[in-house]
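The next block is my_file-v4.tsv, given as TSV, C-alpha atoms.
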```tsv
chain	number	residue	atom	x	y	z
U	1	MET	CA	-46.84	26.75	-48.31
U	2	THR	CA	-47.00	24.08	-45.60
U	3	TYR	CA	-45.54	25.02	-42.22
U	4	ILE	CA	-44.39	21.52	-41.34
U	5	GLU	CA	-42.35	22.66	-38.32
U	6	ASN	CA	-45.52	24.09	-36.74
U	7	ILE	CA	-47.40	20.88	-37.48
U	8	PHE	CA	-44.56	18.88	-35.96
U	9	ILE	CA	-44.57	20.96	-32.77
U	10	CYS	CA	-48.34	20.62	-32.50
U	11	LEU	CA	-48.18	16.83	-32.85
U	12	ALA	CA	-44.99	16.15	-30.94
U	13	ILE	CA	-45.56	18.20	-27.77
U	14	PRO	CA	-48.41	16.07	-26.36
U	15	LEU	CA	-46.41	12.94	-27.11
U	16	ILE	CA	-43.29	14.36	-25.45
U	17	LEU	CA	-45.34	15.43	-22.41
U	18	SER	CA	-46.75	11.93	-22.10
U	19	LEU	CA	-43.20	10.56	-21.78
U	20	PHE	CA	-42.95	12.05	-18.28
U	21	PHE	CA	-45.94	10.07	-17.05
U	22	THR	CA	-45.53	6.69	-18.76
U	23	LYS	CA	-43.18	3.77	-18.25
U	24	GLY	CA	-41.85	0.70	-19.99
U	25	ARG	CA	-42.92	-0.31	-23.47
U	26	ALA	CA	-45.57	2.41	-23.82
U	27	ARG	CA	-42.92	5.03	-23.10
U	28	SER	CA	-40.37	3.66	-25.56
U	29	PHE	CA	-43.05	3.26	-28.26
U	30	THR	CA	-44.13	6.91	-27.80
U	31	LEU	CA	-40.51	8.05	-27.84
U	32	PHE	CA	-39.73	6.23	-31.10
U	33	LEU	CA	-43.01	7.44	-32.58
U	34	THR	CA	-41.97	11.04	-31.88
U	35	ILE	CA	-38.50	10.33	-33.26
U	36	GLY	CA	-40.15	8.96	-36.42
U	37	MET	CA	-42.07	12.21	-36.82
U	38	GLY	CA	-38.90	14.25	-36.29
U	39	VAL	CA	-37.07	12.12	-38.83
U	40	CYS	CA	-39.87	12.74	-41.34
U	41	LEU	CA	-39.43	16.48	-40.84
U	42	LEU	CA	-35.66	16.22	-41.34
U	43	GLY	CA	-36.19	13.93	-44.34
U	44	ALA	CA	-38.39	16.58	-45.94
U	45	TYR	CA	-35.59	19.15	-45.48
U	46	VAL	CA	-32.99	16.84	-47.03
U	47	SER	CA	-35.26	15.93	-49.96
U	48	SER	CA	-36.04	19.63	-50.55
U	49	PHE	CA	-32.33	20.42	-50.54
U	50	TYR	CA	-31.59	17.79	-53.21
U	51	MET	CA	-34.66	18.82	-55.16
U	52	GLY	CA	-33.30	22.35	-55.39
U	53	TYR	CA	-29.75	21.16	-55.97
U	54	TYR	CA	-30.71	19.01	-58.97
U	55	GLY	CA	-33.45	21.42	-60.12
U	56	VAL	CA	-36.16	18.77	-60.47
U	57	ASP	CA	-39.92	18.92	-59.99
U	58	THR	CA	-41.90	17.24	-57.21
U	59	THR	CA	-42.75	14.15	-59.29
U	60	VAL	CA	-39.11	13.36	-60.14
U	61	ALA	CA	-38.18	14.10	-56.52
U	62	ALA	CA	-40.87	11.68	-55.26
U	63	ILE	CA	-39.65	8.95	-57.62
U	64	GLU	CA	-35.90	9.32	-57.35
U	65	ILE	CA	-34.85	11.47	-54.38
U	66	THR	CA	-37.41	11.04	-51.58
U	67	PRO	CA	-37.14	7.22	-51.18
U	68	VAL	CA	-33.37	7.42	-50.71
U	69	CYS	CA	-33.50	10.33	-48.25
U	70	GLU	CA	-36.42	8.92	-46.25
U	71	GLU	CA	-34.99	5.43	-45.86
U	72	VAL	CA	-31.56	6.76	-44.85
U	73	MET	CA	-33.16	9.12	-42.33
U	74	LYS	CA	-35.30	6.34	-40.85
U	75	LEU	CA	-32.31	4.05	-40.47
U	76	LEU	CA	-30.10	6.57	-38.64
U	77	PRO	CA	-31.97	6.72	-35.27
U	78	LEU	CA	-32.38	2.95	-35.32
U	79	LEU	CA	-28.65	2.44	-35.91
U	80	PHE	CA	-27.90	4.91	-33.12
U	81	TYR	CA	-30.14	2.93	-30.75
U	82	PHE	CA	-28.64	-0.37	-31.92
U	83	LEU	CA	-25.00	0.69	-31.65
U	84	ILE	CA	-25.11	2.88	-28.52
U	85	PHE	CA	-27.72	1.21	-26.31
U	86	GLU	CA	-27.15	-2.36	-27.60
U	87	PRO	CA	-30.74	-3.50	-27.01
U	88	GLU	CA	-31.96	-7.09	-26.90
U	89	PRO	CA	-32.77	-8.47	-30.39
U	90	LYS	CA	-36.50	-8.56	-29.58
U	91	GLU	CA	-36.57	-4.82	-28.77
U	92	LEU	CA	-35.28	-3.58	-32.12
U	93	PRO	CA	-38.21	-4.54	-34.41
U	94	SER	CA	-40.75	-2.69	-32.25
U	95	ALA	CA	-38.48	0.40	-32.24
U	96	ALA	CA	-38.17	0.23	-36.04
U	97	ILE	CA	-41.94	-0.17	-36.43
U	98	ALA	CA	-42.62	2.76	-34.06
U	99	ILE	CA	-40.25	5.00	-36.06
U	100	ALA	CA	-42.01	3.91	-39.27
U	101	VAL	CA	-45.47	4.59	-37.78
U	102	GLY	CA	-44.39	8.05	-36.58
U	103	PHE	CA	-42.94	8.76	-40.00
U	104	ALA	CA	-46.08	7.63	-41.85
U	105	THR	CA	-48.37	9.56	-39.47
U	106	PHE	CA	-46.49	12.81	-39.89
U	107	GLU	CA	-46.32	12.32	-43.66
U	108	ASN	CA	-50.09	11.76	-43.78
U	109	VAL	CA	-50.79	14.86	-41.68
U	110	CYS	CA	-48.64	16.96	-44.02
U	111	TYR	CA	-50.47	15.44	-47.01
U	112	LEU	CA	-53.83	16.33	-45.45
U	113	THR	CA	-52.73	19.90	-44.76
U	114	GLU	CA	-51.55	20.32	-48.32
U	115	ASN	CA	-54.35	18.52	-50.20
U	116	GLY	CA	-57.39	18.76	-47.92
U	117	ALA	CA	-59.46	16.03	-46.31
U	118	GLU	CA	-62.52	15.95	-48.59
U	119	ASN	CA	-61.87	12.78	-50.58
U	120	PHE	CA	-62.53	10.00	-48.06
U	121	THR	CA	-61.90	7.08	-50.45
U	122	LEU	CA	-58.54	8.39	-51.61
U	123	LEU	CA	-57.46	9.18	-48.07
U	124	LEU	CA	-58.48	5.73	-46.87
U	125	ILE	CA	-56.50	4.06	-49.66
U	126	ARG	CA	-53.54	6.38	-49.14
U	127	GLY	CA	-53.62	5.93	-45.37
U	128	ILE	CA	-53.53	2.17	-45.67
U	129	SER	CA	-50.92	1.98	-48.44
U	130	ALA	CA	-48.53	4.67	-47.11
U	131	GLY	CA	-48.79	3.20	-43.62
U	132	ALA	CA	-48.21	-0.30	-44.95
U	133	ILE	CA	-45.15	0.65	-47.02
U	134	HIS	CA	-43.41	2.37	-44.09
U	135	ILE	CA	-44.30	-0.42	-41.68
U	136	LEU	CA	-43.05	-3.07	-44.14
U	137	CYS	CA	-39.74	-1.21	-44.43
U	138	GLY	CA	-39.62	-0.90	-40.63
U	139	ILE	CA	-40.25	-4.63	-40.17
U	140	LEU	CA	-37.55	-5.51	-42.73
U	141	THR	CA	-35.05	-3.17	-41.08
U	142	GLY	CA	-35.86	-4.16	-37.50
U	143	PHE	CA	-35.93	-7.91	-37.98
U	144	GLY	CA	-33.04	-7.86	-40.44
U	145	ILE	CA	-30.65	-5.97	-38.17
U	146	SER	CA	-31.67	-7.73	-34.96
U	147	TYR	CA	-31.98	-11.35	-36.06
U	148	VAL	CA	-30.44	-12.04	-39.47
U	149	PHE	CA	-27.36	-9.83	-39.59
U	150	ARG	CA	-26.36	-9.40	-35.96
U	151	HIS	CA	-22.80	-10.69	-35.98
U	152	ARG	CA	-19.62	-8.73	-36.80
U	153	TRP	CA	-19.10	-8.17	-40.55
U	154	LEU	CA	-22.58	-9.44	-41.35
U	155	ALA	CA	-24.02	-6.47	-39.43
U	156	LEU	CA	-22.22	-4.07	-41.76
U	157	THR	CA	-22.98	-5.76	-45.08
U	158	GLY	CA	-26.50	-6.73	-44.00
U	159	THR	CA	-27.42	-3.22	-42.89
U	160	ALA	CA	-26.16	-1.79	-46.18
U	161	GLY	CA	-28.18	-4.42	-48.04
U	162	ILE	CA	-31.32	-3.78	-46.03
U	163	LEU	CA	-31.05	-0.03	-46.61
U	164	GLY	CA	-30.82	-0.65	-50.36
U	165	ALA	CA	-33.72	-3.11	-50.26
U	166	CYS	CA	-35.97	-0.63	-48.42
U	167	THR	CA	-34.97	2.16	-50.82
U	168	GLY	CA	-35.78	0.07	-53.88
U	169	PHE	CA	-39.09	-1.10	-52.41
U	170	HIS	CA	-40.13	2.42	-51.40
U	171	ALA	CA	-39.06	3.83	-54.78
U	172	ILE	CA	-41.19	1.31	-56.70
U	173	TYR	CA	-44.21	2.30	-54.57
U	174	ASN	CA	-43.59	6.03	-55.14
U	175	LEU	CA	-43.06	5.45	-58.88
U	176	LEU	CA	-46.35	3.57	-59.19
U	177	ILE	CA	-48.50	5.99	-57.17
U	178	THR	CA	-47.26	9.06	-59.03
U	179	ALA	CA	-48.17	7.47	-62.39
U	180	ASP	CA	-51.62	7.44	-63.99
U	181	SER	CA	-54.18	4.67	-63.65
U	182	PRO	CA	-53.84	1.62	-63.62
U	183	TRP	CA	-50.25	1.93	-62.35
U	184	ASN	CA	-51.27	4.01	-59.32
U	185	MET	CA	-53.95	1.50	-58.30
U	186	THR	CA	-51.30	-1.24	-58.42
U	187	GLY	CA	-49.10	0.98	-56.29
U	188	TYR	CA	-51.84	1.56	-53.72
U	189	LEU	CA	-52.78	-2.11	-53.57
U	190	PHE	CA	-49.48	-3.97	-53.32
U	191	PRO	CA	-48.32	-2.74	-49.84
U	192	PRO	CA	-51.59	-3.72	-48.07
U	193	LEU	CA	-51.53	-7.09	-49.84
U	194	LEU	CA	-47.93	-7.68	-48.82
U	195	ILE	CA	-48.59	-6.68	-45.22
U	196	ALA	CA	-51.61	-9.02	-45.15
U	197	CYS	CA	-49.39	-11.86	-46.45
U	198	LEU	CA	-46.75	-11.02	-43.85
U	199	PHE	CA	-49.39	-11.05	-41.11
U	200	ALA	CA	-50.59	-14.47	-42.29
U	201	VAL	CA	-47.00	-15.77	-42.24
U	202	LYS	CA	-46.48	-14.30	-38.76
U	203	ARG	CA	-49.64	-16.00	-37.50
U	204	SER	CA	-48.55	-19.35	-38.92
U	205	LEU	CA	-44.89	-19.08	-37.87
U	206	PRO	CA	-45.32	-21.06	-34.63
U	207	ASN	CA	-46.94	-23.87	-36.66
U	208	LEU	CA	-44.17	-23.75	-39.26
U	209	ASN	CA	-41.60	-23.92	-36.45
U	210	ILE	CA	-39.09	-21.59	-38.13
U	211	HIS	CA	-35.86	-21.00	-36.20
U	212	LEU	CA	-33.13	-19.66	-38.44
U	213	LYS	CA	-29.85	-21.52	-38.04
L	1	MET	CA	-40.64	-4.12	-79.14
L	2	ASN	CA	-37.54	-2.51	-77.61
L	3	PHE	CA	-35.10	-5.34	-76.76
L	4	GLU	CA	-34.07	-3.57	-73.56
L	5	ILE	CA	-37.59	-4.05	-72.19
L	6	ILE	CA	-37.67	-7.70	-73.34
L	7	ASP	CA	-34.34	-8.36	-71.63
L	8	ASN	CA	-35.42	-6.62	-68.43
L	9	LEU	CA	-38.75	-8.46	-68.36
L	10	PHE	CA	-36.90	-11.75	-68.78
L	11	GLN	CA	-34.62	-10.82	-65.88
L	12	VAL	CA	-37.55	-9.71	-63.69
L	13	THR	CA	-39.42	-12.98	-64.33
L	14	VAL	CA	-36.39	-15.17	-63.68
L	15	LEU	CA	-35.46	-13.28	-60.51
L	16	ALA	CA	-39.05	-13.36	-59.20
L	17	CYS	CA	-39.00	-17.15	-59.62
L	18	ALA	CA	-35.61	-17.24	-57.84
L	19	VAL	CA	-37.07	-15.32	-54.88
L	20	LEU	CA	-39.99	-17.76	-54.66
L	21	VAL	CA	-37.69	-20.79	-54.82
L	22	ALA	CA	-35.43	-19.33	-52.10
L	23	VAL	CA	-38.47	-18.61	-49.86
L	24	VAL	CA	-39.79	-22.16	-50.35
L	25	HIS	CA	-36.37	-23.55	-49.37
L	26	LEU	CA	-36.30	-21.21	-46.37
L	27	PHE	CA	-39.44	-22.84	-45.01
L	28	ARG	CA	-38.15	-26.31	-45.88
L	29	HIS	CA	-34.58	-26.08	-44.53
L	30	LYS	CA	-34.97	-23.22	-42.00
L	31	ASP	CA	-31.52	-21.96	-42.91
L	32	ARG	CA	-30.51	-18.31	-42.71
L	33	ARG	CA	-28.65	-18.61	-46.01
L	34	CYS	CA	-31.93	-19.17	-47.84
L	35	LEU	CA	-33.27	-15.92	-46.37
L	36	ILE	CA	-30.15	-14.02	-47.45
L	37	LEU	CA	-30.45	-15.55	-50.93
L	38	ALA	CA	-34.10	-14.51	-51.10
L	39	LEU	CA	-33.15	-10.95	-50.08
L	40	ALA	CA	-30.33	-10.83	-52.65
L	41	TYR	CA	-32.59	-11.95	-55.49
L	42	ALA	CA	-35.41	-9.69	-54.28
L	43	CYS	CA	-33.08	-6.68	-54.42
L	44	PHE	CA	-31.85	-7.56	-57.91
L	45	PHE	CA	-35.49	-8.07	-58.92
L	46	MET	CA	-36.57	-4.72	-57.45
L	47	GLY	CA	-33.69	-2.87	-59.11
L	48	THR	CA	-34.59	-4.24	-62.54
L	49	LEU	CA	-38.33	-3.80	-61.90
L	50	TYR	CA	-37.82	-0.15	-60.92
L	51	TYR	CA	-35.71	0.41	-64.04
L	52	VAL	CA	-38.23	-1.21	-66.39
L	53	LEU	CA	-41.20	0.54	-64.72
L	54	HIS	CA	-39.43	3.87	-64.95
L	55	LEU	CA	-38.79	3.20	-68.62
L	56	ALA	CA	-42.42	2.16	-69.20
L	57	ILE	CA	-44.08	4.94	-67.19
L	58	THR	CA	-41.87	7.97	-67.86
L	59	GLY	CA	-40.32	6.78	-71.15
L	60	ASP	CA	-36.85	7.55	-69.81
L	61	THR	CA	-34.20	6.06	-67.51
L	62	PRO	CA	-33.72	7.39	-63.93
L	63	ARG	CA	-31.52	10.49	-63.97
L	64	VAL	CA	-31.05	11.80	-60.43
L	65	PHE	CA	-30.39	9.24	-57.69
L	66	TYR	CA	-30.30	6.03	-59.79
L	67	VAL	CA	-32.44	4.05	-57.33
L	68	ALA	CA	-32.15	0.91	-59.48
L	69	GLU	CA	-28.39	0.95	-58.95
L	70	ILE	CA	-28.89	1.21	-55.17
L	71	SER	CA	-31.01	-1.96	-55.28
L	72	TRP	CA	-28.41	-3.80	-57.37
L	73	ILE	CA	-25.67	-2.73	-54.94
L	74	ALA	CA	-27.84	-3.98	-52.06
L	75	SER	CA	-28.12	-7.31	-53.82
L	76	TRP	CA	-24.32	-7.57	-53.99
L	77	PHE	CA	-24.11	-6.71	-50.28
L	78	PHE	CA	-26.38	-9.69	-49.58
L	79	PHE	CA	-24.22	-11.92	-51.78
L	80	LEU	CA	-21.22	-10.67	-49.79
L	81	SER	CA	-23.06	-11.51	-46.55
L	82	LEU	CA	-23.57	-15.02	-47.89
L	83	GLN	CA	-19.90	-15.39	-48.78
L	84	ILE	CA	-18.93	-14.10	-45.31
L	85	MET	CA	-21.17	-16.78	-43.78
L	86	ARG	CA	-19.64	-19.45	-46.01
L	87	THR	CA	-16.14	-18.33	-44.99
L	88	GLU	CA	-16.90	-18.29	-41.23
L	89	GLY	CA	-14.43	-20.38	-39.29
L	90	MET	CA	-11.69	-20.02	-41.91
L	91	LYS	CA	-8.59	-18.04	-41.05
L	92	LEU	CA	-8.62	-15.11	-43.46
L	93	CYS	CA	-5.36	-13.68	-44.79
L	94	VAL	CA	-4.19	-11.78	-47.85
L	95	LEU	CA	-3.50	-14.13	-50.76
L	96	PRO	CA	-1.79	-12.43	-53.73
L	97	VAL	CA	-3.88	-13.74	-56.66
L	98	PRO	CA	-7.33	-13.08	-55.11
L	99	ALA	CA	-6.12	-9.71	-53.80
L	100	VAL	CA	-4.85	-8.61	-57.23
L	101	CYS	CA	-8.08	-9.74	-58.94
L	102	ALA	CA	-10.25	-7.98	-56.36
L	103	GLY	CA	-8.07	-4.87	-56.61
L	104	LEU	CA	-8.37	-4.86	-60.41
L	105	ILE	CA	-12.16	-5.18	-60.19
L	106	ALA	CA	-12.41	-2.35	-57.65
L	107	ALA	CA	-10.02	-0.15	-59.63
L	108	SER	CA	-11.86	-0.71	-62.93
L	109	ILE	CA	-15.22	0.13	-61.31
L	110	LEU	CA	-13.79	3.34	-59.85
L	111	ILE	CA	-11.65	4.42	-62.83
L	112	PHE	CA	-14.33	3.85	-65.45
L	113	ARG	CA	-17.04	5.10	-63.04
L	114	PHE	CA	-19.57	2.37	-63.83
L	115	MET	CA	-22.27	3.98	-61.68
L	116	ALA	CA	-23.87	7.42	-61.53
L	117	SER	CA	-21.18	8.98	-59.34
L	118	TYR	CA	-17.85	8.10	-57.72
L	119	LEU	CA	-19.60	7.59	-54.39
L	120	VAL	CA	-22.05	5.06	-55.81
L	121	SER	CA	-19.27	3.43	-57.85
L	122	GLY	CA	-17.24	3.10	-54.65
L	123	LEU	CA	-20.23	1.54	-52.87
L	124	PHE	CA	-20.59	-0.90	-55.77
L	125	ALA	CA	-16.86	-1.70	-55.85
L	126	VAL	CA	-16.80	-2.81	-52.19
L	127	PRO	CA	-19.19	-5.79	-52.32
L	128	VAL	CA	-18.30	-6.90	-55.86
L	129	SER	CA	-14.54	-6.97	-55.23
L	130	ALA	CA	-15.03	-8.50	-51.76
L	131	VAL	CA	-17.19	-11.30	-53.21
L	132	ALA	CA	-14.54	-11.90	-55.88
L	133	TYR	CA	-11.80	-11.98	-53.23
L	134	LEU	CA	-13.64	-14.41	-50.94
L	135	SER	CA	-14.57	-16.69	-53.85
L	136	LEU	CA	-10.99	-16.86	-55.17
L	137	PHE	CA	-9.65	-17.18	-51.62
L	138	ARG	CA	-11.87	-20.21	-51.00
L	139	LEU	CA	-10.92	-21.70	-54.37
L	140	GLN	CA	-7.22	-21.29	-53.68
L	141	ARG	CA	-7.57	-22.81	-50.23
L	142	GLY	CA	-9.30	-25.81	-51.79
L	143	THR	CA	-12.41	-25.76	-49.62
L	144	ALA	CA	-15.54	-27.80	-50.30
L	145	HIS	CA	-18.26	-26.68	-52.73
L	146	ARG	CA	-15.84	-25.28	-55.29
L	147	ARG	CA	-18.57	-25.01	-57.93
L	148	THR	CA	-20.42	-22.39	-55.88
L	149	ASP	CA	-17.26	-20.31	-55.57
L	150	VAL	CA	-16.58	-20.63	-59.31
L	151	CYS	CA	-20.14	-19.46	-59.95
L	152	PHE	CA	-19.70	-16.49	-57.59
L	153	ALA	CA	-16.50	-15.55	-59.45
L	154	VAL	CA	-18.24	-15.90	-62.84
L	155	CYS	CA	-21.12	-13.70	-61.64
L	156	THR	CA	-18.74	-10.93	-60.52
L	157	ALA	CA	-16.84	-11.16	-63.82
L	158	LEU	CA	-20.09	-10.95	-65.81
L	159	GLN	CA	-21.37	-8.04	-63.71
L	160	VAL	CA	-18.17	-6.06	-64.31
L	161	GLY	CA	-18.10	-7.19	-67.96
L	162	LEU	CA	-21.66	-5.96	-68.42
L	163	PHE	CA	-20.64	-2.42	-67.52
L	164	PHE	CA	-17.59	-2.59	-69.79
L	165	VAL	CA	-19.70	-3.78	-72.72
L	166	SER	CA	-22.38	-1.13	-72.09
L	167	ALA	CA	-19.75	1.58	-72.57
L	168	PHE	CA	-19.23	0.42	-76.17
L	169	MET	CA	-22.90	0.03	-77.09
L	170	GLU	CA	-25.08	2.83	-78.35
L	171	ASP	CA	-28.19	1.14	-79.66
L	172	PHE	CA	-30.12	-0.68	-76.95
L	173	THR	CA	-33.21	-1.33	-79.06
L	174	ARG	CA	-31.81	-4.44	-80.80
L	175	PHE	CA	-30.07	-7.58	-79.59
L	176	ASN	CA	-26.32	-7.05	-79.14
L	177	LEU	CA	-23.38	-8.20	-77.01
L	178	TYR	CA	-24.66	-6.23	-74.00
L	179	PHE	CA	-27.87	-8.26	-73.88
L	180	ALA	CA	-25.96	-11.50	-74.42
L	181	VAL	CA	-23.83	-10.71	-71.33
L	182	ASP	CA	-26.90	-9.61	-69.37
L	183	ILE	CA	-28.75	-12.83	-70.15
L	184	MET	CA	-25.64	-14.83	-69.21
L	185	LEU	CA	-25.49	-12.92	-65.92
L	186	THR	CA	-29.15	-13.71	-65.20
L	187	LEU	CA	-28.58	-17.39	-65.93
L	188	SER	CA	-25.42	-17.41	-63.79
L	189	LEU	CA	-27.44	-15.97	-60.92
L	190	VAL	CA	-29.90	-18.85	-61.34
L	191	ALA	CA	-27.00	-21.33	-61.29
L	192	LEU	CA	-25.75	-19.64	-58.12
L	193	LEU	CA	-29.12	-20.17	-56.48
L	194	ILE	CA	-29.19	-23.85	-57.42
L	195	LEU	CA	-25.64	-24.43	-56.16
L	196	ASN	CA	-26.27	-22.61	-52.89
L	197	LEU	CA	-29.51	-24.45	-52.26
L	198	ARG	CA	-27.78	-27.76	-52.96
L	199	GLU	CA	-25.15	-26.76	-50.41
L	200	VAL	CA	-27.84	-25.95	-47.85
L	201	ALA	CA	-29.60	-29.26	-48.51
L	202	GLU	CA	-26.33	-31.20	-48.11
L	203	LYS	CA	-25.70	-29.47	-44.77
```

Structure encoded using structure tokens:
Amino acid sequence: MTYIENIFICLAIPLILSLFFTKGRARSFTLFLTIGMGVCLLGAYVSSFYMGYYGVDTTVAAIEITPVCEEVMKLLPLLFYFLIFEPEPKELPSAAIAIAVGFATFENVCYLTENGAENFTLLLIRGISAGAIHILCGILTGFGISYVFRHRWLALTGTAGILGACTGFHAIYNLLITADSPWNMTGYLFPPLLIACLFAVKRSLPNLNIHLK
Amino acid sequence: MNFEIIDNLFQVTVLACAVLVAVVHLFRHKDRRCLILALAYACFFMGTLYYVLHLAITGDTPRVFYVAEISWIASWFFFLSLQIMRTEGMKLCVLPVPAVCAGLIAASILIFRFMASYLVSGLFAVPVSAVAYLSLFRLQRGTAHRRTDVCFAVCTALQVGLFFVSAFMEDFTRFNLYFAVDIMLTLSLVALLILNLREVAEK
């Protein structure tokens, strides 16, 4: 049995304490990081509920239930921030990425507690790929909501579309990593490759002079 | 080889190419519509890829949350976003013929419960019927780029038709009407990409 609430308290309290002594971007990043961890905890509860409700094992839950629950849970605080505080478009992607990083960190800590920390190679691969998948989803959500689908009806349809896109993407990753070799290796490799491609595109964006009409 | 896998692999390949083409045009024309098109095709691609991978890895179709369907619905939400963008600046009102057609599509999706549950069917009915409404609305108003709207309407009809046909089919290992409609849908989606990109280039 993993006491994830205790782990959450242990990880979140120093971060919450730091909020009283920091300002500006560092403070908001820490806040969203902590929110991401909290969302991961709540996502685990929701996934467990559906797992029991449908009477499925952990593999089926990882493939079919967890991606939906996790992506919905990650979107909710971001939507709250977007709709209530109406931030500048440039502020939303960093919030989405911070939530994703918090989520991935807490998920990794729970994985370590459950499976041990002996296998360095596996943990390195898992750390990179799980981090990359959550960050990719965070980037898609943050940039999508803030820049592409910001206006009126587009915000509604675009957000629904982005949620579905993230769910599908996350589900494919979970499906691949829960399978045997060589599927799981493909699963572990494609998020880091995609994030590397995205980084290369980001670096070359000023040269490409992309401004979406 | 199971024809379902062949059909899905064909769709995955075609949609992957569509995503690449849309991304290339995004860099060339710097138009938001290309990005939305790329997202729409990527979602359709991911839905089919998840389905075919699930079939290949577990030997069975998804049974609990039907993630593939969520991706397909997302794709239709992106197509709806595109139609909303194309309709921007037009004064929207309720026209009888488009409204009846959209209503019939939504009702058939809900009554025959095309998706895993009524909730998911409802989520599917919204973008598909809205795309049908906006396409027919634009056609009736006689706006420019009629071919694109016709293609949008054909795609919605084929998507709904696909679910109707699937209800009457039992054997998915051999070629049948279901696969014919599915291949037509894939090719219509390609035509939609070409027409939209032509529209972007003309702009």

Next item on the list: Using only C-alpha atoms, find the one residue out of L:Leu55, L:Leu92, L:Leu187, L:Val67 that sits nearest to L:Ala116.
Entry: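 Ranking L:Leu55, L:Leu92, L:Leu187, L:Val67 by distance to L:Ala116, first place goes to L:Val67.
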
Checklist line | Surrounding residues of L:Glu202 excluding itself and chain neighbours under 6 positions, 12 Å, only C-alpha atoms, as number ranges by chain | finding: L: 29, 31, 144-145, 195-196

Notebook entry, point to check: Between atom CA of U:Asn115 and atom CA of U:His134, what is the distance, to one decimal in Å?
Noted result: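 That distance, rounded to one decimal, is 20.4 Å.
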
Checklist line | Contact residues around stretch 95-108 of chain U with all atoms listed in the file at 9 Å, ignoring same-chain residues under 2 positions, as a VMD selection string | finding: chain U and resid 7 to 8 11 28 to 41 74 to 75 77 to 78 81 91 to 93 110 to 113 123 126 to 127 130 to 143

Margin query: Please identify all residues of chain L having at least one atom at most 8 Å from any atom of chain U, considering only C-alpha atoms, and return them as number ranges by chain.
Written below: L: 27, 30-32, 39, 42-43, 46-47, 49-50, 53-54, 57, 62, 64-68, 70-71, 73-78, 80-81, 84-85

Neighbour residues at most 9 Å from (-13.9, -8.7, -57.1) (all atoms listed in the file) as a PDB file with C-alpha atoms, in the frame of the given file:
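What follows is the written file selection-v9.pdb:
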```pdb
ATOM      1  CA  PRO L  98      -7.330 -13.080 -55.110  1.00  0.00           C
ATOM      2  CA  ALA L  99      -6.120  -9.710 -53.800  1.00  0.00           C
ATOM      3  CA  CYS L 101      -8.080  -9.740 -58.940  1.00  0.00           C
ATOM      4  CA  ALA L 102     -10.250  -7.980 -56.360  1.00  0.00           C
ATOM      5  CA  GLY L 103      -8.070  -4.870 -56.610  1.00  0.00           C
ATOM      6  CA  LEU L 104      -8.370  -4.860 -60.410  1.00  0.00           C
ATOM      7  CA  ILE L 105     -12.160  -5.180 -60.190  1.00  0.00           C
ATOM      8  CA  ALA L 106     -12.410  -2.350 -57.650  1.00  0.00           C
ATOM      9  CA  ALA L 125     -16.860  -1.700 -55.850  1.00  0.00           C
ATOM     10  CA  VAL L 126     -16.800  -2.810 -52.190  1.00  0.00           C
ATOM     11  CA  PRO L 127     -19.190  -5.790 -52.320  1.00  0.00           C
ATOM     12  CA  VAL L 128     -18.300  -6.900 -55.860  1.00  0.00           C
ATOM     13  CA  SER L 129     -14.540  -6.970 -55.230  1.00  0.00           C
ATOM     14  CA  ALA L 130     -15.030  -8.500 -51.760  1.00  0.00           C
ATOM     15  CA  VAL L 131     -17.190 -11.300 -53.210  1.00  0.00           C
ATOM     16  CA  ALA L 132     -14.540 -11.900 -55.880  1.00  0.00           C
ATOM     17  CA  TYR L 133     -11.800 -11.980 -53.230  1.00  0.00           C
ATOM     18  CA  LEU L 134     -13.640 -14.410 -50.940  1.00  0.00           C
ATOM     19  CA  SER L 135     -14.570 -16.690 -53.850  1.00  0.00           C
ATOM     20  CA  LEU L 136     -10.990 -16.860 -55.170  1.00  0.00           C
ATOM     21  CA  ALA L 153     -16.500 -15.550 -59.450  1.00  0.00           C
ATOM     22  CA  THR L 156     -18.740 -10.930 -60.520  1.00  0.00           C
ATOM     23  CA  ALA L 157     -16.840 -11.160 -63.820  1.00  0.00           C
ATOM     24  CA  VAL L 160     -18.170  -6.060 -64.310  1.00  0.00           C
TER      25      VAL L 160
END
```

Note to self: Please determine, counting all atoms listed in the file, which residue among L:Val97, L:Met115, L:Ala107, L:Ala22 has the shortest atom-to-atom distance to L:Val190.
What the structure shows: L:Ala22

Next item on the list: Using all atoms listed in the file, pick whichever of U:Ser94, U:Ala44, U:Tyr3, U:Phe82 has the shortest atom-to-atom distance to U:Ala26.
Entry: U:Ser94

Could you add N, CA and C atoms to stretch 33-37 of chain L and give me the result as an mmCIF file, in the coordinates of the input?
```cif
data_model
loop_
_atom_site.group_PDB
_atom_site.id
_atom_site.type_symbol
_atom_site.label_atom_id
_atom_site.label_comp_id
_atom_site.auth_asym_id
_atom_site.auth_seq_id
_atom_site.Cartn_x
_atom_site.Cartn_y
_atom_site.Cartn_z
ATOM 1 N N ARG L 33 -29.202 -18.885 -44.681
ATOM 2 C CA ARG L 33 -28.650 -18.610 -46.010
ATOM 3 C C ARG L 33 -29.741 -18.499 -47.077
ATOM 4 N N CYS L 34 -30.808 -19.266 -46.884
ATOM 5 C CA CYS L 34 -31.930 -19.170 -47.840
ATOM 6 C C CYS L 34 -32.574 -17.788 -47.766
ATOM 7 N N LEU L 35 -32.683 -17.256 -46.540
ATOM 8 C CA LEU L 35 -33.270 -15.920 -46.370
ATOM 9 C C LEU L 35 -32.395 -14.859 -47.032
ATOM 10 N N ILE L 36 -31.074 -14.986 -46.841
ATOM 11 C CA ILE L 36 -30.150 -14.020 -47.450
ATOM 12 C C ILE L 36 -30.210 -14.130 -48.978
ATOM 13 N N LEU L 37 -30.311 -15.363 -49.474
ATOM 14 C CA LEU L 37 -30.450 -15.550 -50.930
ATOM 15 C C LEU L 37 -31.729 -14.893 -51.446
#
```
